[in-house]
Amino acid sequence: MAEHVYKKIEIVGSSPNSLQEAIENAITKASETLRNMRWFEVVETRGQIEEGKVAHWQVTVKIGFTLE
């Protein structure tokens, strides 16, 4: 197996529907400009409350990718 060197970035995804969709939105957007993405970790979760209900999710995600 080849040796790899990785870099991590931290981004925030959001969604009015769910945590999973917030994560997927972040990864989908990152994939437009990053190559060789390999893994992610959720490091923070937040939400907006309106009228006593969850109105919006925000998820901070670290994405790891291999350097070329």
# chains A, B, ... in the order shown; residues from 1 in each chain; ligands from 1
>>> residues_around(residues="segment 41-55 of chain A", least_positions_apart="2", cutoff="12 Å", atoms="only C-alpha atoms", output="list in words")
Lys8, Ile9, Glu10, Ile11, Val12, Gly13, Ser14, Ser15, Pro16, Asn17, Ser18, Leu19, Gln20, Ala22, Ile23, Glu24, Ala26, Ile27, Arg38, Trp39, Trp57, Gln58, Val59, Thr60, Val61, Lys62, Ile63 and Gly64 of chain A
>>> select_by_dssp(residues="chain A", states="alpha helix (DSSP H)", output="ChimeraX atom specification")
/A:19-30
>>> write_last_selection(atoms="N, CA, C and O atoms", output="CSV table (one decimal), in the first residue's frame")
chain,number,residue,atom,x,y,z
A,19,LEU,N,-29.9,16.6,10.0
A,19,LEU,CA,-28.4,16.6,10.2
A,19,LEU,C,-27.8,15.9,9.0
A,19,LEU,O,-26.8,16.4,8.5
A,20,GLN,N,-28.3,14.8,8.6
A,20,GLN,CA,-27.7,14.1,7.5
A,20,GLN,C,-27.7,14.9,6.2
A,20,GLN,O,-26.7,14.9,5.5
A,21,GLU,N,-28.7,15.6,5.9
A,21,GLU,CA,-28.7,16.5,4.7
A,21,GLU,C,-27.7,17.6,4.9
A,21,GLU,O,-27.1,18.0,3.9
A,22,ALA,N,-27.5,18.1,6.1
A,22,ALA,CA,-26.5,19.2,6.3
A,22,ALA,C,-25.1,18.7,6.0
A,22,ALA,O,-24.3,19.3,5.4
A,23,ILE,N,-24.8,17.4,6.4
A,23,ILE,CA,-23.6,16.8,6.2
A,23,ILE,C,-23.4,16.6,4.7
A,23,ILE,O,-22.4,16.9,4.1
A,24,GLU,N,-24.4,16.0,4.1
A,24,GLU,CA,-24.3,15.7,2.6
A,24,GLU,C,-24.2,17.0,1.8
A,24,GLU,O,-23.4,17.0,0.8
A,25,ASN,N,-24.8,18.1,2.2
A,25,ASN,CA,-24.7,19.4,1.5
A,25,ASN,C,-23.3,19.9,1.6
A,25,ASN,O,-22.7,20.3,0.6
A,26,ALA,N,-22.6,19.7,2.8
A,26,ALA,CA,-21.3,20.2,2.9
A,26,ALA,C,-20.3,19.4,2.1
A,26,ALA,O,-19.4,19.9,1.4
A,27,ILE,N,-20.5,18.0,2.1
A,27,ILE,CA,-19.6,17.2,1.3
A,27,ILE,C,-19.8,17.4,-0.2
A,27,ILE,O,-18.8,17.4,-1.0
A,28,THR,N,-21.0,17.5,-0.6
A,28,THR,CA,-21.3,17.7,-2.1
A,28,THR,C,-20.7,19.0,-2.5
A,28,THR,O,-20.1,19.1,-3.6
A,29,LYS,N,-20.8,20.1,-1.8
A,29,LYS,CA,-20.2,21.4,-2.1
A,29,LYS,C,-18.7,21.3,-2.2
A,29,LYS,O,-18.1,21.8,-3.1
A,30,ALA,N,-18.1,20.6,-1.2
A,30,ALA,CA,-16.7,20.5,-1.1
A,30,ALA,C,-16.1,19.7,-2.3
A,30,ALA,O,-15.1,20.0,-2.9
>>> select_by_dssp(residues="chain A", states="strand (DSSP E)", output="PyMOL selection string")
chain A and resi 6-15+37-50+53-66
>>> closest_residue(among="A:Glu32, A:His56, A:Phe40, A:His4", to="Glu68 of chain A", atoms="only C-alpha atoms")
A:His4
